[in-house]
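Here's the structure we're looking at; comments come further down.
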Amino acid sequence: MRLDRTLTVAKIDLRRLFKSKDYWIPMGFLAMVFFVALPFLLLTIVTSTTSSQLVNKIGEVLQSLPGPVQENVVGDTPAARGAYMLAVYLLAPVAIVVPLTISSAVGAHAIVGERERGTGEFLAHSPLTEREIFMGKMLASLVPGFMATAVGFGVYSLLVNIKVGPLVGGWFFPTAGWWILIAWVVPPFIALALSVILWVSSRVRSTAAAQQAATLVSLPVIFAAYGVSSGLLINPVIAALGIGVIAWILAIAGLVSGSRSLNRERLLGFGGDG
Amino acid sequence: MPSAIQFAHVTRRFGTVTAVDNLSLSVPTGSITVLLGPNGAGKTTTVRLATGAMSSDEGEIKVLGLDPSTDGDEVRARTAVVPPKPALYDRLSGWDNLIFTADIFGADHSTIKPAAERFGIDHALDLDVGGYSTGMRTRLALARAVLHDPEVLLLDEPTAGLDPESARTVLNLIRELAGRGRTIVLCTHLLHEAEGVADQVVLMGAGQARIVGTQEDLADQFVTNPAVVIDAEDRSVLNGLTARPEVVSAEWNGALHVRLTHLDHLPDLVADLVASGARITRVQPDNPTLETLYFEMQRSLREAS
């Protein structure tokens, strides 16, 4: 497998993607909602509430958490502790859900789209190997999701530091757990989901079928994302490192087996399953 | 002359349908081979098998001395295919499409502009391909195919949907490449466009090469009665020709197209016409066109079966 040709495949897909406003405008909107609008709304409610009933409820929720979890939550008042918990732990799944949604939308279309457009014929007659095509498509699907996450993460960090920082003694975000989550846990999760989605995309006959399958694949990963955030709640660094290792192993296995699923006849439109 | 492409008893099935059936075919290096045949004859599958985009169920294929099923990447790097639909990325500009091709075929970017100019598409390279006409798309696909100077060029219905000027450009390219020692395989059913281009004609049917030969050899084989075109100032004097024993058939189509039992009868026939007072304005051989040949071959096959 030649890296330069793999990057060429990824580059051409990304170029096509960024010229498609009908794709990136909704996806940008999605990232903005999850990384900016929703956290802003929730944190504003928690930090500026004057309702003693709501403050008491937050206090009760925090008291009900296990001891180790309570030790990780910073803040002197129930409102500060609630805002901290919301910022650091409860919104953690967003870091996986957003790139996954964006990347799976690209991945679902990646290979079956070549068949539908007829450009699969060109790729089939090209010297690119099946693995170069598959990995190029994988990269092209990963990059938009991860770019959205990187930008969203930056904006989110700024937002929570501005909103919650004054309540907990200064800038506190990203925490070590979040760095590991973004750099170590999210990539293999997305790669794993994409390897399955691309496998499906190489086999089905239409983009619609690939998107339906992608949704099915995304669901368990979203549930797993919530599991990851729960683990982070108890022991952020160890949990994130451990989950990352498992996710990388699964992702590599998924990539190897996914790249074997693509063959030239499928690019030509033969051998579809659905 | 060594073969650039060699098929030996190649079969490819799709479920119960046999697309290519025990096909044996040799395409000499530096030649132009025209694959003729109706839709479903197996022409496109033959092209796909040649590059290794598809694998055969049986038989052996060699392209440039390599087996496409095992050395496919090298075969594809040294060949180019122009498919019936240009297979371009609509949301990208012509430049982007050509740069992508150059990068994956390892061609220098300096080849892009000359290739685009050659097919008269250089003025539109900055535009998105989605806005191109059918002819522009085909010309871009052709420019793309020659970027890496392929040793074998496989053209599958390349002139479909093209205006006459663009179609002529394609045929000129074919001649030019063959003149430089490149091997060309042209699949078409637009017979008049392949006229006079082919070094070898292959009539395909039901996945087999039914008839193979040069246009001249096939004409000798399948068009048994030589034809001439005759015209005169007073055409009525030509009407009596049909009664002559050496005339097999005569029909008006701009001039009188006469089929003779043998070409040796022509001097006497013309002399008799002149003797009878006819002022002859035209006598010329009516060589069988590829189209005539195609239908004669098809008729011969039907009679044989």
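Ordering of the structure tokens sets the chain letters (A, B, ...), residue numbers begin anew at 1 in every chain, and ligands are numbered from 1 in the order given.
In chain A, the set of residues within 8 Å of chain B (atoms considered: only C-alpha atoms) is Arg5, Thr8, Val9, Ile12, Arg15, Arg16, Lys19, Ser20, Arg117, Gly118, Thr119, Gly120, Glu121, Phe122, Ala124, His125, Ser126, Pro127, Leu128, Thr129, Arg264 and Glu265 of chain A.
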Could you give me, as a list in words, the residues within 10 Å of A:Thr50, counting only C-alpha atoms and dropping anything in the same chain fewer than 5 positions from it?
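My list of contacting residues is Ile45, Val55 and Ala79 of chain A.
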Using N, CA and C atoms, can you export the residues from the last selection as a compact mmCIF listing (two decimals), in the first residue's frame?
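out_26.txt written:
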# COMPACT_ATOMS: atom_id res chain seq x y z
N ILE A 45 -28.17 27.91 32.53
CA ILE A 45 -29.26 27.61 33.47
C ILE A 45 -28.67 27.26 34.84
N VAL A 55 -31.21 24.34 42.75
CA VAL A 55 -29.90 24.19 43.39
C VAL A 55 -29.90 23.00 44.33
N ALA A 79 -24.20 24.75 42.88
CA ALA A 79 -24.31 25.24 41.50
C ALA A 79 -22.96 25.10 40.78
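The spacing separating atom CA of A:Val33 from atom CA of A:Gly165 amounts to 21.4 Å.
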Could you please determine the separation between atom CA of B:Ser236 and atom CA of B:Val223 in Å, to one decimal place?
27.8 Å
Find the residues near B:Ala167: any atom within 10 Å, counting only C-alpha atoms, skip ones fewer than 4 places away on the same chain, and give them as a ChimeraX atom specification.
/B:135,138-139,158-163,171-173,193
If we count only C-alpha atoms, what is near B:Gly42 at a cut-off of 6 Å, once residues fewer than 3 positions away on the same chain are taken out, given as a ChimeraX atom specification?
/B:19-20,45,207
For those residues, write N, CA and C atoms to a file as a compact mmCIF listing (two decimals), in the first residue's frame.
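Ended up saving to again_2.txt:
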# COMPACT_ATOMS: atom_id res chain seq x y z
N ALA B 19 -21.13 -14.02 -19.91
CA ALA B 19 -20.84 -12.75 -20.62
C ALA B 19 -19.73 -12.94 -21.63
N VAL B 20 -18.72 -13.70 -21.25
CA VAL B 20 -17.62 -14.02 -22.15
C VAL B 20 -17.47 -15.54 -22.15
N THR B 45 -17.17 -6.44 -21.01
CA THR B 45 -16.58 -7.42 -20.08
C THR B 45 -15.17 -7.78 -20.53
N GLY B 207 -20.52 -13.34 -26.34
CA GLY B 207 -19.30 -13.51 -25.56
C GLY B 207 -18.15 -14.17 -26.28
Distance in Å - atom CA of B:Glu195 versus atom CA of B:Thr46:
21.6 Å
Residues flagged alpha helix (DSSP H) by DSSP in stretch 52-220 of chain A, as a PDB file with C-alpha atoms, in the first residue's frame:
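Saved result, selection-v2.pdb, follows:
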ATOM      1  CA  SER A  52     -33.287  27.289  45.434  1.00  0.00           C
ATOM      2  CA  GLN A  53     -35.324  24.253  44.419  1.00  0.00           C
ATOM      3  CA  LEU A  54     -33.074  23.606  41.375  1.00  0.00           C
ATOM      4  CA  VAL A  55     -29.896  24.189  43.390  1.00  0.00           C
ATOM      5  CA  ASN A  56     -31.103  21.733  46.013  1.00  0.00           C
ATOM      6  CA  LYS A  57     -31.893  19.159  43.331  1.00  0.00           C
ATOM      7  CA  ILE A  58     -28.361  19.475  41.905  1.00  0.00           C
ATOM      8  CA  GLY A  59     -26.976  19.068  45.416  1.00  0.00           C
ATOM      9  CA  GLU A  60     -29.037  15.913  45.888  1.00  0.00           C
ATOM     10  CA  VAL A  61     -27.801  14.467  42.589  1.00  0.00           C
ATOM     11  CA  LEU A  62     -24.178  15.129  43.565  1.00  0.00           C
ATOM     12  CA  GLN A  63     -24.686  13.611  46.996  1.00  0.00           C
ATOM     13  CA  SER A  64     -26.095  10.451  45.429  1.00  0.00           C
ATOM     14  CA  GLY A  67     -17.568   8.705  46.784  1.00  0.00           C
ATOM     15  CA  PRO A  68     -14.716   8.539  44.206  1.00  0.00           C
ATOM     16  CA  VAL A  69     -16.849  10.434  41.718  1.00  0.00           C
ATOM     17  CA  GLN A  70     -17.658  13.147  44.235  1.00  0.00           C
ATOM     18  CA  GLU A  71     -13.946  13.600  44.915  1.00  0.00           C
ATOM     19  CA  ASN A  72     -13.346  14.463  41.241  1.00  0.00           C
ATOM     20  CA  PRO A  78     -23.880  23.003  44.558  1.00  0.00           C
ATOM     21  CA  ALA A  79     -24.305  25.240  41.495  1.00  0.00           C
ATOM     22  CA  ALA A  80     -20.521  25.332  40.872  1.00  0.00           C
ATOM     23  CA  ARG A  81     -20.169  21.588  41.397  1.00  0.00           C
ATOM     24  CA  GLY A  82     -23.180  20.951  39.143  1.00  0.00           C
ATOM     25  CA  ALA A  83     -21.752  23.157  36.384  1.00  0.00           C
ATOM     26  CA  TYR A  84     -18.359  21.443  36.694  1.00  0.00           C
ATOM     27  CA  MET A  85     -19.915  17.996  36.469  1.00  0.00           C
ATOM     28  CA  VAL A  94     -20.847  14.622  22.585  1.00  0.00           C
ATOM     29  CA  ALA A  95     -17.158  14.339  21.758  1.00  0.00           C
ATOM     30  CA  ILE A  96     -17.868  10.953  20.220  1.00  0.00           C
ATOM     31  CA  VAL A  97     -21.393  11.445  18.936  1.00  0.00           C
ATOM     32  CA  VAL A  98     -20.602  14.511  16.819  1.00  0.00           C
ATOM     33  CA  PRO A  99     -17.601  13.162  14.867  1.00  0.00           C
ATOM     34  CA  LEU A 100     -19.320   9.818  14.537  1.00  0.00           C
ATOM     35  CA  THR A 101     -22.430  11.372  13.023  1.00  0.00           C
ATOM     36  CA  ILE A 102     -20.412  13.540  10.649  1.00  0.00           C
ATOM     37  CA  SER A 103     -17.973  10.803   9.644  1.00  0.00           C
ATOM     38  CA  SER A 104     -20.616   8.128   9.196  1.00  0.00           C
ATOM     39  CA  ALA A 105     -22.556  10.422   6.858  1.00  0.00           C
ATOM     40  CA  VAL A 106     -19.454  10.641   4.658  1.00  0.00           C
ATOM     41  CA  GLY A 107     -18.471   7.001   5.060  1.00  0.00           C
ATOM     42  CA  ALA A 108     -21.897   5.625   4.157  1.00  0.00           C
ATOM     43  CA  HIS A 109     -21.686   7.338   0.787  1.00  0.00           C
ATOM     44  CA  ALA A 110     -17.978   6.779   0.190  1.00  0.00           C
ATOM     45  CA  ILE A 111     -17.873   3.557  -1.794  1.00  0.00           C
ATOM     46  CA  VAL A 112     -21.446   3.024  -2.889  1.00  0.00           C
ATOM     47  CA  GLY A 113     -21.331   6.641  -4.137  1.00  0.00           C
ATOM     48  CA  GLU A 114     -18.540   5.693  -6.537  1.00  0.00           C
ATOM     49  CA  ARG A 115     -20.767   2.974  -7.911  1.00  0.00           C
ATOM     50  CA  GLU A 116     -23.765   5.261  -8.217  1.00  0.00           C
ATOM     51  CA  ARG A 117     -21.829   8.011  -9.989  1.00  0.00           C
ATOM     52  CA  THR A 119     -16.656   6.762 -11.070  1.00  0.00           C
ATOM     53  CA  GLY A 120     -16.119   3.310  -9.587  1.00  0.00           C
ATOM     54  CA  GLU A 121     -15.356   2.207 -13.149  1.00  0.00           C
ATOM     55  CA  PHE A 122     -12.455   4.649 -13.273  1.00  0.00           C
ATOM     56  CA  LEU A 123     -11.107   3.498  -9.900  1.00  0.00           C
ATOM     57  CA  ALA A 124     -11.477  -0.151 -10.909  1.00  0.00           C
ATOM     58  CA  GLU A 130      -8.255  -2.011  -3.075  1.00  0.00           C
ATOM     59  CA  ARG A 131      -6.595  -1.265   0.254  1.00  0.00           C
ATOM     60  CA  GLU A 132      -5.428   2.170  -0.926  1.00  0.00           C
ATOM     61  CA  ILE A 133      -8.964   2.987  -2.019  1.00  0.00           C
ATOM     62  CA  PHE A 134     -10.463   1.723   1.241  1.00  0.00           C
ATOM     63  CA  MET A 135      -7.973   3.539   3.463  1.00  0.00           C
ATOM     64  CA  GLY A 136      -8.291   6.710   1.393  1.00  0.00           C
ATOM     65  CA  LYS A 137     -12.048   6.608   1.877  1.00  0.00           C
ATOM     66  CA  MET A 138     -11.533   5.930   5.574  1.00  0.00           C
ATOM     67  CA  LEU A 139      -9.289   8.977   5.950  1.00  0.00           C
ATOM     68  CA  ALA A 140     -11.655  11.153   3.956  1.00  0.00           C
ATOM     69  CA  SER A 141     -14.491  10.110   6.259  1.00  0.00           C
ATOM     70  CA  LEU A 142     -12.452  10.572   9.432  1.00  0.00           C
ATOM     71  CA  VAL A 143     -11.100  14.026   8.704  1.00  0.00           C
ATOM     72  CA  PRO A 144     -14.372  16.015   8.581  1.00  0.00           C
ATOM     73  CA  GLY A 145     -15.627  14.442  11.806  1.00  0.00           C
ATOM     74  CA  PHE A 146     -12.365  15.009  13.559  1.00  0.00           C
ATOM     75  CA  MET A 147     -11.977  18.544  12.246  1.00  0.00           C
ATOM     76  CA  ALA A 148     -15.450  19.388  13.515  1.00  0.00           C
ATOM     77  CA  THR A 149     -14.540  17.842  16.852  1.00  0.00           C
ATOM     78  CA  ALA A 150     -11.239  19.710  17.088  1.00  0.00           C
ATOM     79  CA  VAL A 151     -12.873  23.053  16.344  1.00  0.00           C
ATOM     80  CA  GLY A 152     -15.889  22.215  18.516  1.00  0.00           C
ATOM     81  CA  PHE A 153     -13.614  21.090  21.322  1.00  0.00           C
ATOM     82  CA  GLY A 154     -11.716  24.367  21.192  1.00  0.00           C
ATOM     83  CA  VAL A 155     -14.878  26.425  21.265  1.00  0.00           C
ATOM     84  CA  TYR A 156     -16.377  24.219  23.967  1.00  0.00           C
ATOM     85  CA  SER A 157     -13.230  24.610  26.105  1.00  0.00           C
ATOM     86  CA  LEU A 158     -13.455  28.359  25.798  1.00  0.00           C
ATOM     87  CA  LEU A 159     -17.127  28.328  26.617  1.00  0.00           C
ATOM     88  CA  VAL A 160     -16.936  26.176  29.748  1.00  0.00           C
ATOM     89  CA  ASN A 161     -13.912  28.062  31.047  1.00  0.00           C
ATOM     90  CA  ILE A 162     -15.717  31.353  30.641  1.00  0.00           C
ATOM     91  CA  LYS A 163     -18.975  30.080  32.116  1.00  0.00           C
ATOM     92  CA  VAL A 164     -17.746  27.740  34.837  1.00  0.00           C
ATOM     93  CA  GLY A 165     -14.143  28.850  35.445  1.00  0.00           C
ATOM     94  CA  PRO A 166     -15.003  31.784  37.745  1.00  0.00           C
ATOM     95  CA  LEU A 167     -17.053  29.406  39.935  1.00  0.00           C
ATOM     96  CA  VAL A 168     -14.325  26.768  40.369  1.00  0.00           C
ATOM     97  CA  ALA A 176      -6.447  15.245  31.550  1.00  0.00           C
ATOM     98  CA  GLY A 177      -9.364  12.867  30.941  1.00  0.00           C
ATOM     99  CA  TRP A 178     -10.683  15.057  28.131  1.00  0.00           C
ATOM    100  CA  TRP A 179      -7.287  15.266  26.404  1.00  0.00           C
ATOM    101  CA  ILE A 180      -7.049  11.500  26.451  1.00  0.00           C
ATOM    102  CA  VAL A 186     -12.371   9.156  19.979  1.00  0.00           C
ATOM    103  CA  PRO A 187     -10.183   8.229  16.927  1.00  0.00           C
ATOM    104  CA  PRO A 188     -10.400   4.450  17.383  1.00  0.00           C
ATOM    105  CA  PHE A 189     -14.115   4.646  18.138  1.00  0.00           C
ATOM    106  CA  ILE A 190     -14.716   6.503  14.911  1.00  0.00           C
ATOM    107  CA  ALA A 191     -12.319   4.265  12.966  1.00  0.00           C
ATOM    108  CA  LEU A 192     -14.099   1.186  14.255  1.00  0.00           C
ATOM    109  CA  ALA A 193     -17.517   2.495  13.316  1.00  0.00           C
ATOM    110  CA  LEU A 194     -16.222   3.642   9.925  1.00  0.00           C
ATOM    111  CA  SER A 195     -14.604   0.324   9.118  1.00  0.00           C
ATOM    112  CA  VAL A 196     -18.028  -1.296   9.529  1.00  0.00           C
ATOM    113  CA  ILE A 197     -19.798   1.495   7.647  1.00  0.00           C
ATOM    114  CA  LEU A 198     -17.331   1.316   4.734  1.00  0.00           C
ATOM    115  CA  TRP A 199     -17.657  -2.440   4.699  1.00  0.00           C
ATOM    116  CA  VAL A 200     -21.398  -1.954   4.342  1.00  0.00           C
ATOM    117  CA  SER A 201     -20.901   0.806   1.760  1.00  0.00           C
ATOM    118  CA  THR A 207     -26.520   5.233  -0.670  1.00  0.00           C
ATOM    119  CA  ALA A 208     -29.904   5.072   1.091  1.00  0.00           C
ATOM    120  CA  ALA A 209     -29.239   1.480   2.149  1.00  0.00           C
ATOM    121  CA  ALA A 210     -25.732   2.416   3.306  1.00  0.00           C
ATOM    122  CA  GLN A 211     -27.069   5.296   5.402  1.00  0.00           C
ATOM    123  CA  GLN A 212     -29.630   3.067   7.077  1.00  0.00           C
ATOM    124  CA  ALA A 213     -26.931   0.566   7.918  1.00  0.00           C
ATOM    125  CA  ALA A 214     -24.679   3.370   9.152  1.00  0.00           C
ATOM    126  CA  THR A 215     -27.378   4.457  11.583  1.00  0.00           C
ATOM    127  CA  LEU A 216     -27.596   0.932  12.942  1.00  0.00           C
ATOM    128  CA  VAL A 217     -23.834   0.797  13.349  1.00  0.00           C
ATOM    129  CA  SER A 218     -23.740   4.195  15.057  1.00  0.00           C
ATOM    130  CA  LEU A 219     -26.235   3.274  17.760  1.00  0.00           C
ATOM    131  CA  PRO A 220     -24.069   0.806  19.686  1.00  0.00           C
TER     132      PRO A 220
END
What's around B:Leu64 at 9 Å? Count only C-alpha atoms, leave out sequence neighbours fewer than 6 positions away in its own chain, and write the answer as a VMD selection string.
chain B and resid 3 to 6 29 75 78 151 to 152
Go ahead and write the residues just picked, C-alpha atoms, as a PDB file, in the first residue's frame.
ATOM      1  CA  SER B   3       0.613  -9.712 -28.827  1.00  0.00           C
ATOM      2  CA  ALA B   4      -0.094  -6.853 -26.455  1.00  0.00           C
ATOM      3  CA  ILE B   5      -3.280  -8.614 -25.355  1.00  0.00           C
ATOM      4  CA  GLN B   6      -3.839 -12.324 -25.454  1.00  0.00           C
ATOM      5  CA  THR B  29       1.262  -4.728 -30.352  1.00  0.00           C
ATOM      6  CA  VAL B  75      -1.185  -3.787 -16.026  1.00  0.00           C
ATOM      7  CA  ARG B  78       0.439   0.776 -18.256  1.00  0.00           C
ATOM      8  CA  GLU B 151       0.970   1.443 -23.817  1.00  0.00           C
ATOM      9  CA  VAL B 152      -2.511   0.012 -24.329  1.00  0.00           C
TER      10      VAL B 152
END
Rows by chain and residue number, stretch 157-206 of chain B within 12 Å of stretch 296-303 of chain B, shortest pair, only C-alpha atoms, as a tab-separated table:
residue	atom	partner	partner_atom	distance
B:Val201	CA	B:Met297	CA	11.2
B:Val202	CA	B:Met297	CA	10.6
B:Leu203	CA	B:Met297	CA	8.0
B:Met204	CA	B:Gln298	CA	9.9
B:Gly205	CA	B:Gln298	CA	9.2
B:Ala206	CA	B:Leu301	CA	11.9
Keeping N, CA and C atoms for every residue in the selection just given, could you write it to a file as a PDB file, in the first residue's frame?
ATOM      1  N   VAL B 201     -10.393  -6.469 -37.293  1.00  0.00           N
ATOM      2  CA  VAL B 201     -11.800  -6.351 -36.909  1.00  0.00           C
ATOM      3  C   VAL B 201     -12.208  -7.650 -36.219  1.00  0.00           C
ATOM      4  N   VAL B 202     -12.856  -7.498 -35.071  1.00  0.00           N
ATOM      5  CA  VAL B 202     -13.347  -8.682 -34.357  1.00  0.00           C
ATOM      6  C   VAL B 202     -14.849  -8.540 -34.199  1.00  0.00           C
ATOM      7  N   LEU B 203     -15.565  -9.473 -34.764  1.00  0.00           N
ATOM      8  CA  LEU B 203     -17.018  -9.455 -34.586  1.00  0.00           C
ATOM      9  C   LEU B 203     -17.350 -10.328 -33.388  1.00  0.00           C
ATOM     10  N   MET B 204     -17.895  -9.694 -32.364  1.00  0.00           N
ATOM     11  CA  MET B 204     -18.237 -10.447 -31.152  1.00  0.00           C
ATOM     12  C   MET B 204     -19.723 -10.716 -31.104  1.00  0.00           C
ATOM     13  N   GLY B 205     -20.048 -11.842 -30.519  1.00  0.00           N
ATOM     14  CA  GLY B 205     -21.447 -12.207 -30.332  1.00  0.00           C
ATOM     15  C   GLY B 205     -21.519 -13.264 -29.261  1.00  0.00           C
ATOM     16  N   ALA B 206     -22.455 -13.093 -28.341  1.00  0.00           N
ATOM     17  CA  ALA B 206     -22.639 -14.054 -27.245  1.00  0.00           C
ATOM     18  C   ALA B 206     -21.332 -14.361 -26.524  1.00  0.00           C
TER      19      ALA B 206
END
Among the residues B:Val247, B:Leu290, B:Leu269, B:Leu66, the one that comes closest to B:Ala219 [using only C-alpha atoms]:
B:Leu290
Which of A:Ala240, A:Arg203, A:Val245, A:Phe270 sits closest to A:Gly258 [using only C-alpha atoms]:
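Using only C-alpha atoms, A:Gly258 sits closest to A:Arg203.
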Going by DSSP on the backbone, which bits of stretch 61-211 of chain B are strand (DSSP E)? Write them as a PyMOL selection string, please.
chain B and resi 61-63+79-82+152-156+183-188+200-205+208-211
Take the residues from that selection and write them out as a PDB file, in the first residue's frame, keeping N, CA and C atoms.
ATOM      1  N   ILE B  61      -5.326 -14.921 -19.461  1.00  0.00           N
ATOM      2  CA  ILE B  61      -5.227 -13.596 -20.081  1.00  0.00           C
ATOM      3  C   ILE B  61      -3.804 -13.069 -19.865  1.00  0.00           C
ATOM      4  N   LYS B  62      -3.243 -12.511 -20.908  1.00  0.00           N
ATOM      5  CA  LYS B  62      -1.950 -11.834 -20.791  1.00  0.00           C
ATOM      6  C   LYS B  62      -2.070 -10.449 -21.421  1.00  0.00           C
ATOM      7  N   VAL B  63      -1.654  -9.460 -20.684  1.00  0.00           N
ATOM      8  CA  VAL B  63      -1.635  -8.092 -21.211  1.00  0.00           C
ATOM      9  C   VAL B  63      -0.231  -7.554 -20.984  1.00  0.00           C
ATOM     10  N   THR B  79      -1.903   0.764 -18.827  1.00  0.00           N
ATOM     11  CA  THR B  79      -3.031   0.807 -19.762  1.00  0.00           C
ATOM     12  C   THR B  79      -3.944   1.974 -19.382  1.00  0.00           C
ATOM     13  N   ALA B  80      -4.902   2.238 -20.243  1.00  0.00           N
ATOM     14  CA  ALA B  80      -5.927   3.244 -19.903  1.00  0.00           C
ATOM     15  C   ALA B  80      -7.240   2.792 -20.518  1.00  0.00           C
ATOM     16  N   VAL B  81      -8.314   3.096 -19.819  1.00  0.00           N
ATOM     17  CA  VAL B  81      -9.640   2.724 -20.306  1.00  0.00           C
ATOM     18  C   VAL B  81     -10.488   3.989 -20.398  1.00  0.00           C
ATOM     19  N   VAL B  82     -11.153   4.140 -21.504  1.00  0.00           N
ATOM     20  CA  VAL B  82     -12.177   5.188 -21.603  1.00  0.00           C
ATOM     21  C   VAL B  82     -13.515   4.472 -21.629  1.00  0.00           C
ATOM     22  N   VAL B 152      -1.286   0.598 -23.765  1.00  0.00           N
ATOM     23  CA  VAL B 152      -2.511   0.012 -24.329  1.00  0.00           C
ATOM     24  C   VAL B 152      -3.671   0.925 -23.963  1.00  0.00           C
ATOM     25  N   LEU B 153      -4.447   1.290 -24.969  1.00  0.00           N
ATOM     26  CA  LEU B 153      -5.605   2.153 -24.721  1.00  0.00           C
ATOM     27  C   LEU B 153      -6.866   1.386 -25.118  1.00  0.00           C
ATOM     28  N   LEU B 154      -7.753   1.224 -24.160  1.00  0.00           N
ATOM     29  CA  LEU B 154      -8.993   0.478 -24.398  1.00  0.00           C
ATOM     30  C   LEU B 154     -10.148   1.481 -24.397  1.00  0.00           C
ATOM     31  N   LEU B 155     -10.752   1.650 -25.546  1.00  0.00           N
ATOM     32  CA  LEU B 155     -11.810   2.658 -25.693  1.00  0.00           C
ATOM     33  C   LEU B 155     -13.145   1.951 -25.873  1.00  0.00           C
ATOM     34  N   ASP B 156     -14.025   2.127 -24.913  1.00  0.00           N
ATOM     35  CA  ASP B 156     -15.314   1.441 -24.950  1.00  0.00           C
ATOM     36  C   ASP B 156     -16.393   2.447 -25.350  1.00  0.00           C
ATOM     37  N   THR B 183      -0.952   0.323 -28.558  1.00  0.00           N
ATOM     38  CA  THR B 183      -1.955  -0.661 -28.956  1.00  0.00           C
ATOM     39  C   THR B 183      -3.343  -0.129 -28.589  1.00  0.00           C
ATOM     40  N   ILE B 184      -4.246  -0.204 -29.541  1.00  0.00           N
ATOM     41  CA  ILE B 184      -5.579   0.361 -29.320  1.00  0.00           C
ATOM     42  C   ILE B 184      -6.627  -0.726 -29.496  1.00  0.00           C
ATOM     43  N   VAL B 185      -7.550  -0.773 -28.556  1.00  0.00           N
ATOM     44  CA  VAL B 185      -8.740  -1.614 -28.723  1.00  0.00           C
ATOM     45  C   VAL B 185      -9.938  -0.675 -28.663  1.00  0.00           C
ATOM     46  N   LEU B 186     -10.722  -0.695 -29.725  1.00  0.00           N
ATOM     47  CA  LEU B 186     -11.867   0.206 -29.815  1.00  0.00           C
ATOM     48  C   LEU B 186     -13.145  -0.626 -29.899  1.00  0.00           C
ATOM     49  N   CYS B 187     -13.994  -0.501 -28.888  1.00  0.00           N
ATOM     50  CA  CYS B 187     -15.292  -1.176 -28.923  1.00  0.00           C
ATOM     51  C   CYS B 187     -16.300  -0.178 -29.466  1.00  0.00           C
ATOM     52  N   THR B 188     -17.032  -0.567 -30.432  1.00  0.00           N
ATOM     53  CA  THR B 188     -18.018   0.374 -30.984  1.00  0.00           C
ATOM     54  C   THR B 188     -19.152  -0.371 -31.680  1.00  0.00           C
ATOM     55  N   GLN B 200      -7.405  -4.675 -37.380  1.00  0.00           N
ATOM     56  CA  GLN B 200      -8.043  -5.981 -37.148  1.00  0.00           C
ATOM     57  C   GLN B 200      -9.493  -5.725 -36.699  1.00  0.00           C
ATOM     58  N   VAL B 201     -10.393  -6.469 -37.293  1.00  0.00           N
ATOM     59  CA  VAL B 201     -11.800  -6.351 -36.909  1.00  0.00           C
ATOM     60  C   VAL B 201     -12.208  -7.650 -36.219  1.00  0.00           C
ATOM     61  N   VAL B 202     -12.856  -7.498 -35.071  1.00  0.00           N
ATOM     62  CA  VAL B 202     -13.347  -8.682 -34.357  1.00  0.00           C
ATOM     63  C   VAL B 202     -14.849  -8.540 -34.199  1.00  0.00           C
ATOM     64  N   LEU B 203     -15.565  -9.473 -34.764  1.00  0.00           N
ATOM     65  CA  LEU B 203     -17.018  -9.455 -34.586  1.00  0.00           C
ATOM     66  C   LEU B 203     -17.350 -10.328 -33.388  1.00  0.00           C
ATOM     67  N   MET B 204     -17.895  -9.694 -32.364  1.00  0.00           N
ATOM     68  CA  MET B 204     -18.237 -10.447 -31.152  1.00  0.00           C
ATOM     69  C   MET B 204     -19.723 -10.716 -31.104  1.00  0.00           C
ATOM     70  N   GLY B 205     -20.048 -11.842 -30.519  1.00  0.00           N
ATOM     71  CA  GLY B 205     -21.447 -12.207 -30.332  1.00  0.00           C
ATOM     72  C   GLY B 205     -21.519 -13.264 -29.261  1.00  0.00           C
ATOM     73  N   GLN B 208     -18.306 -14.356 -27.595  1.00  0.00           N
ATOM     74  CA  GLN B 208     -17.232 -15.019 -28.348  1.00  0.00           C
ATOM     75  C   GLN B 208     -16.745 -14.122 -29.480  1.00  0.00           C
ATOM     76  N   ALA B 209     -15.499 -14.333 -29.886  1.00  0.00           N
ATOM     77  CA  ALA B 209     -14.992 -13.673 -31.085  1.00  0.00           C
ATOM     78  C   ALA B 209     -15.423 -14.546 -32.255  1.00  0.00           C
ATOM     79  N   ARG B 210     -16.496 -14.120 -32.921  1.00  0.00           N
ATOM     80  CA  ARG B 210     -17.064 -14.976 -33.980  1.00  0.00           C
ATOM     81  C   ARG B 210     -16.218 -14.927 -35.251  1.00  0.00           C
ATOM     82  N   ILE B 211     -15.790 -13.723 -35.604  1.00  0.00           N
ATOM     83  CA  ILE B 211     -15.015 -13.564 -36.831  1.00  0.00           C
ATOM     84  C   ILE B 211     -13.887 -12.575 -36.554  1.00  0.00           C
TER      85      ILE B 211
END
Let me make sure I understand: among B:Pro267, B:Gly240, B:Gly196, B:Gly277, which one has the smallest atom-to-atom distance to B:Thr33 if we use only C-alpha atoms?
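Smallest distance to B:Thr33 is found for B:Gly196.
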Residue contacts of A:Leu91 (9 Å, only C-alpha atoms) excluding same-chain residues fewer than 3 positions away, as a ChimeraX atom specification
/A:34-35,39,85-88,94-95,229
